[in-house]
Structure formats: structure tokens, C-alpha cells
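Comments concern the structure below.
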Amino acid sequence: MLKKLPPEEKAYEAFSAIGDQRITMSEYSAEVKSSDGSKTYTVEWDGNRYTSDDNATFWQGYPGYPVIAVLMKQGRLSCNEAVCEKMKGIPWKQLNDMHKRNYAEAVRDVLDGLKAQGVGTDDITALAETVNNELKMLDIETGRKRKKK
């Protein structure tokens, strides 16, 4: 079990990474590009141990959205490609900065924006709830991966 759970809103960022096809999977690692394309994070795994150089995993000690997205791609967490497709093109870095890291407000903005465009969001919030519940039960540990110099 995880020692520290991520903020529930991190699942939404993982959906966008999948919807945007920003993940390149290899046998024991994956590269995940940030929403603005300025950074590439490396997630590695060996059995049930996952490491990453994204800020959340590295500094906060919980699985950041790159780790969550990889777990979804691996089938260890639920994934619905159609739901993730609805979440593509979201500028998470900009939104999180604008909301001073209040992730709940950022997600609320995204969902309100989708609703204003006539996009249903019930399936998005349902998948987020499922993924977060699965994370609580998942037998993995996360840790730091060395930052690139």
C-alpha cells in the first residue's frame, strides 16, 4: 500500500496525459511529457516499486500524474480511452499556477469549461473516483528517481 496518497485531482491530469498521447511506454520505463511540453518525466518500475522524477513523486512522496498515467496504461488502474480523450489539450501547468496549486479549483475550472462546451463530465468524475479508490488498494511503493542534470 502507498504510504502517501496523491491529491484526488491528480487522476484528471493523468487522464489528459493519456488523452494527449504524451506517454511513451517501454518495457521497464516510460516517458511522460508535461502538459505544456516543456518537461519530460521518466517513470521506471521494478515489480511493485515505481520511481519518477516528476515533482510530486520526487518531492512530495506520492505518485504524481505521470506514475498514475503509467499505472493506467499498464492496466493496474482503470482506464477508459474515451474519457481520457475528453480531457486532452488541458493546460494543467498554467491552470495549477493560476490557482496557486489549488488542484480542486483547477479541476472545477476544467469540468465547468467542458460542461459549457456541452461535454458530459459524469463519466470523467466517475473514472476519477474509481482510479482514486483503486490507488488506495494498490500494493505499490513509489520513490525518487534521480533528477536529470
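Just remember, in the C-alpha cells the first chain shown is A, the second B, etc., residues are 1-based per chain, and ligands are 1-based in the order shown.
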Contacts of region 48-86 of chain A with region 117-132 of chain A up to 10 Å, shortest pair per row, only C-alpha atoms, as JSON lines:
```
{"residue": "A:Ile68", "atom": "CA", "partner": "A:Val131", "partner_atom": "CA", "distance": 8.7}
{"residue": "A:Leu71", "atom": "CA", "partner": "A:Val131", "partner_atom": "CA", "distance": 9.9}
{"residue": "A:Met72", "atom": "CA", "partner": "A:Val131", "partner_atom": "CA", "distance": 8.5}
{"residue": "A:Arg76", "atom": "CA", "partner": "A:Val131", "partner_atom": "CA", "distance": 9.7}
{"residue": "A:Leu77", "atom": "CA", "partner": "A:Val131", "partner_atom": "CA", "distance": 6.0}
{"residue": "A:Ser78", "atom": "CA", "partner": "A:Val131", "partner_atom": "CA", "distance": 6.0}
{"residue": "A:Cys79", "atom": "CA", "partner": "A:Leu127", "partner_atom": "CA", "distance": 7.6}
{"residue": "A:Asn80", "atom": "CA", "partner": "A:Leu127", "partner_atom": "CA", "distance": 7.7}
{"residue": "A:Ala82", "atom": "CA", "partner": "A:Asp123", "partner_atom": "CA", "distance": 9.5}
{"residue": "A:Val83", "atom": "CA", "partner": "A:Ile124", "partner_atom": "CA", "distance": 5.8}
{"residue": "A:Cys84", "atom": "CA", "partner": "A:Ile124", "partner_atom": "CA", "distance": 7.9}
{"residue": "A:Lys86", "atom": "CA", "partner": "A:Val119", "partner_atom": "CA", "distance": 7.9}
```
Write the residues you've just listed into a file as a PDB file, in the first residue's frame, and include all heavy atoms for each of them.
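The resulting file, part-v6.pdb, is shown below:
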```pdb
ATOM      1  N   ILE A  68       0.604   7.778 -12.148  1.00  0.00           N
ATOM      2  CA  ILE A  68      -0.798   7.345 -12.258  1.00  0.00           C
ATOM      3  C   ILE A  68      -1.129   6.990 -13.710  1.00  0.00           C
ATOM      4  O   ILE A  68      -1.749   5.955 -13.980  1.00  0.00           O
ATOM      5  CB  ILE A  68      -1.753   8.423 -11.710  1.00  0.00           C
ATOM      6  CG1 ILE A  68      -1.501   8.648 -10.211  1.00  0.00           C
ATOM      7  CG2 ILE A  68      -3.212   8.046 -11.965  1.00  0.00           C
ATOM      8  CD1 ILE A  68      -2.193   9.874  -9.639  1.00  0.00           C
ATOM      9  N   LEU A  71       0.431   3.658 -14.597  1.00  0.00           N
ATOM     10  CA  LEU A  71      -0.333   2.568 -13.982  1.00  0.00           C
ATOM     11  C   LEU A  71      -1.626   2.297 -14.758  1.00  0.00           C
ATOM     12  O   LEU A  71      -2.043   1.146 -14.905  1.00  0.00           O
ATOM     13  CB  LEU A  71      -0.644   2.885 -12.513  1.00  0.00           C
ATOM     14  CG  LEU A  71       0.556   2.850 -11.563  1.00  0.00           C
ATOM     15  CD1 LEU A  71       0.228   3.558 -10.249  1.00  0.00           C
ATOM     16  CD2 LEU A  71       1.020   1.427 -11.318  1.00  0.00           C
ATOM     17  N   MET A  72      -2.231   3.346 -15.272  1.00  0.00           N
ATOM     18  CA  MET A  72      -3.432   3.180 -16.093  1.00  0.00           C
ATOM     19  C   MET A  72      -3.082   2.490 -17.407  1.00  0.00           C
ATOM     20  O   MET A  72      -3.784   1.565 -17.831  1.00  0.00           O
ATOM     21  CB  MET A  72      -4.101   4.537 -16.340  1.00  0.00           C
ATOM     22  CG  MET A  72      -4.718   5.152 -15.092  1.00  0.00           C
ATOM     23  SD  MET A  72      -5.334   6.830 -15.357  1.00  0.00           S
ATOM     24  CE  MET A  72      -6.760   6.487 -16.403  1.00  0.00           C
ATOM     25  N   ARG A  76      -3.040  -1.526 -14.424  1.00  0.00           N
ATOM     26  CA  ARG A  76      -3.074  -1.705 -12.974  1.00  0.00           C
ATOM     27  C   ARG A  76      -4.116  -0.803 -12.323  1.00  0.00           C
ATOM     28  O   ARG A  76      -4.513  -1.027 -11.182  1.00  0.00           O
ATOM     29  CB  ARG A  76      -1.686  -1.460 -12.379  1.00  0.00           C
ATOM     30  CG  ARG A  76      -0.674  -2.510 -12.918  1.00  0.00           C
ATOM     31  CD  ARG A  76       0.597  -2.485 -12.172  1.00  0.00           C
ATOM     32  NE  ARG A  76       0.384  -3.096 -10.851  1.00  0.00           N
ATOM     33  CZ  ARG A  76       1.356  -3.296  -9.980  1.00  0.00           C
ATOM     34  NH1 ARG A  76       2.597  -2.948 -10.275  1.00  0.00           N
ATOM     35  NH2 ARG A  76       1.099  -3.833  -8.813  1.00  0.00           N
ATOM     36  N   LEU A  77      -4.510   0.239 -13.041  1.00  0.00           N
ATOM     37  CA  LEU A  77      -5.618   1.108 -12.640  1.00  0.00           C
ATOM     38  C   LEU A  77      -6.584   1.183 -13.820  1.00  0.00           C
ATOM     39  O   LEU A  77      -6.168   1.038 -14.972  1.00  0.00           O
ATOM     40  CB  LEU A  77      -5.120   2.522 -12.309  1.00  0.00           C
ATOM     41  CG  LEU A  77      -4.218   2.693 -11.097  1.00  0.00           C
ATOM     42  CD1 LEU A  77      -3.687   4.124 -11.028  1.00  0.00           C
ATOM     43  CD2 LEU A  77      -4.940   2.328  -9.814  1.00  0.00           C
ATOM     44  N   SER A  78      -7.849   1.421 -13.535  1.00  0.00           N
ATOM     45  CA  SER A  78      -8.848   1.510 -14.601  1.00  0.00           C
ATOM     46  C   SER A  78      -8.509   2.616 -15.591  1.00  0.00           C
ATOM     47  O   SER A  78      -7.973   3.664 -15.208  1.00  0.00           O
ATOM     48  CB  SER A  78     -10.235   1.780 -14.011  1.00  0.00           C
ATOM     49  OG  SER A  78     -10.665   0.678 -13.259  1.00  0.00           O
ATOM     50  N   CYS A  79      -8.833   2.360 -16.842  1.00  0.00           N
ATOM     51  CA  CYS A  79      -8.596   3.352 -17.889  1.00  0.00           C
ATOM     52  C   CYS A  79      -9.723   3.263 -18.903  1.00  0.00           C
ATOM     53  O   CYS A  79     -10.134   2.165 -19.281  1.00  0.00           O
ATOM     54  CB  CYS A  79      -7.248   3.107 -18.559  1.00  0.00           C
ATOM     55  SG  CYS A  79      -6.814   4.384 -19.763  1.00  0.00           S
ATOM     56  N   ASN A  80     -10.219   4.401 -19.312  1.00  0.00           N
ATOM     57  CA  ASN A  80     -11.246   4.478 -20.340  1.00  0.00           C
ATOM     58  C   ASN A  80     -10.751   5.502 -21.357  1.00  0.00           C
ATOM     59  O   ASN A  80     -10.730   6.701 -21.074  1.00  0.00           O
ATOM     60  CB  ASN A  80     -12.578   4.895 -19.720  1.00  0.00           C
ATOM     61  CG  ASN A  80     -13.691   4.998 -20.732  1.00  0.00           C
ATOM     62  OD1 ASN A  80     -13.497   5.437 -21.856  1.00  0.00           O
ATOM     63  ND2 ASN A  80     -14.886   4.610 -20.313  1.00  0.00           N
ATOM     64  N   ALA A  82     -11.983   6.714 -24.044  1.00  0.00           N
ATOM     65  CA  ALA A  82     -12.947   7.734 -24.461  1.00  0.00           C
ATOM     66  C   ALA A  82     -13.028   8.866 -23.434  1.00  0.00           C
ATOM     67  O   ALA A  82     -13.138  10.044 -23.803  1.00  0.00           O
ATOM     68  CB  ALA A  82     -14.326   7.102 -24.678  1.00  0.00           C
ATOM     69  N   VAL A  83     -12.971   8.510 -22.163  1.00  0.00           N
ATOM     70  CA  VAL A  83     -12.976   9.530 -21.110  1.00  0.00           C
ATOM     71  C   VAL A  83     -11.685  10.345 -21.188  1.00  0.00           C
ATOM     72  O   VAL A  83     -11.706  11.578 -21.132  1.00  0.00           O
ATOM     73  CB  VAL A  83     -13.140   8.895 -19.718  1.00  0.00           C
ATOM     74  CG1 VAL A  83     -12.858   9.903 -18.610  1.00  0.00           C
ATOM     75  CG2 VAL A  83     -14.536   8.324 -19.560  1.00  0.00           C
ATOM     76  N   CYS A  84     -10.563   9.677 -21.329  1.00  0.00           N
ATOM     77  CA  CYS A  84      -9.274  10.382 -21.405  1.00  0.00           C
ATOM     78  C   CYS A  84      -9.229  11.311 -22.621  1.00  0.00           C
ATOM     79  O   CYS A  84      -8.659  12.400 -22.551  1.00  0.00           O
ATOM     80  CB  CYS A  84      -8.131   9.380 -21.448  1.00  0.00           C
ATOM     81  SG  CYS A  84      -7.934   8.463 -19.896  1.00  0.00           S
ATOM     82  N   LYS A  86     -11.630  13.020 -23.784  1.00  0.00           N
ATOM     83  CA  LYS A  86     -12.340  14.254 -23.428  1.00  0.00           C
ATOM     84  C   LYS A  86     -11.428  15.233 -22.700  1.00  0.00           C
ATOM     85  O   LYS A  86     -11.702  16.436 -22.668  1.00  0.00           O
ATOM     86  CB  LYS A  86     -13.531  13.938 -22.512  1.00  0.00           C
ATOM     87  CG  LYS A  86     -14.689  13.254 -23.155  1.00  0.00           C
ATOM     88  CD  LYS A  86     -15.772  13.047 -22.087  1.00  0.00           C
ATOM     89  CE  LYS A  86     -17.057  12.520 -22.633  1.00  0.00           C
ATOM     90  NZ  LYS A  86     -18.103  12.431 -21.583  1.00  0.00           N
TER      91      LYS A  86
END
```
Leaving out Ala30 (chain A) and any residue of its chain fewer than 2 positions from it, which residues lie within 10 Å of it when counting only C-alpha atoms, given as an MDAnalysis selection string?
chainID A and resid 23:28 32:33 40:45 52 66:67 69:70
Selected residues, N, CA and C atoms, written as a compact mmCIF listing (two decimals), in the first residue's frame, please.
```txt
# COMPACT_ATOMS: atom_id res chain seq x y z
N ILE A 23 2.55 9.83 -23.51
CA ILE A 23 3.25 8.77 -22.81
C ILE A 23 3.89 7.82 -23.82
N THR A 24 5.17 7.57 -23.64
CA THR A 24 5.89 6.59 -24.46
C THR A 24 6.32 5.47 -23.54
N MET A 25 5.71 4.30 -23.72
CA MET A 25 5.97 3.16 -22.85
C MET A 25 7.11 2.30 -23.40
N SER A 26 7.95 1.82 -22.49
CA SER A 26 8.98 0.83 -22.80
C SER A 26 8.76 -0.34 -21.85
N GLU A 27 9.69 -1.31 -21.85
CA GLU A 27 9.48 -2.50 -21.03
C GLU A 27 9.50 -2.20 -19.53
N TYR A 28 10.46 -1.40 -19.07
CA TYR A 28 10.58 -1.11 -17.64
C TYR A 28 10.57 0.38 -17.32
N VAL A 32 6.92 10.60 -19.93
CA VAL A 32 5.65 11.31 -19.91
C VAL A 32 5.95 12.79 -20.07
N LYS A 33 5.43 13.39 -21.14
CA LYS A 33 5.64 14.81 -21.37
C LYS A 33 4.64 15.62 -20.56
N THR A 40 9.94 16.50 -19.71
CA THR A 40 9.66 15.08 -19.91
C THR A 40 10.08 14.36 -18.64
N TYR A 41 9.13 13.63 -18.06
CA TYR A 41 9.39 12.89 -16.84
C TYR A 41 9.63 11.42 -17.17
N THR A 42 10.52 10.79 -16.41
CA THR A 42 10.80 9.38 -16.59
C THR A 42 10.25 8.60 -15.41
N VAL A 43 9.42 7.63 -15.72
CA VAL A 43 8.87 6.72 -14.71
C VAL A 43 9.51 5.36 -14.96
N GLU A 44 10.05 4.77 -13.91
CA GLU A 44 10.63 3.43 -14.02
C GLU A 44 9.98 2.53 -12.99
N TRP A 45 9.96 1.23 -13.29
CA TRP A 45 9.39 0.29 -12.34
C TRP A 45 10.16 -1.00 -12.34
N SER A 52 10.01 8.03 -10.09
CA SER A 52 9.79 9.06 -11.10
C SER A 52 10.51 10.34 -10.69
N PRO A 66 2.31 11.46 -13.70
CA PRO A 66 2.99 10.55 -14.63
C PRO A 66 2.92 9.09 -14.17
N VAL A 67 3.09 8.86 -12.87
CA VAL A 67 3.02 7.49 -12.33
C VAL A 67 1.59 6.96 -12.47
N ALA A 69 -0.69 7.82 -14.64
CA ALA A 69 -0.96 7.56 -16.06
C ALA A 69 -0.31 6.26 -16.51
N VAL A 70 0.92 6.02 -16.07
CA VAL A 70 1.60 4.77 -16.42
C VAL A 70 0.86 3.57 -15.84
```
Please return, as a list in words, all residues of chain A that DSSP assigns to strand (DSSP E) on the basis of the backbone.
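Everything in chain A that counts as strand (DSSP E) is Ile23, Thr24, Met25, Ser29, Ala30, Glu31, Val32, Lys33, Thr40, Tyr41, Thr42, Val43, Glu44, Trp45, Asp46, Arg49, Tyr50, Thr51, Ser52, Glu141, Thr142, Gly143 and Arg144 of chain A.
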Kindly indicate which residue among A:Glu141, A:Lys4, A:Glu31, A:Glu13 lies nearest to Asp53 (chain A), using only C-alpha atoms for the distances.
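Closest to Asp53 (chain A), using only C-alpha atoms: A:Glu31.
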Between CA of Ala17 (chain A) and CA of Lys3 (chain A), what distance in Å does the model show, to one decimal?
24.2 Å
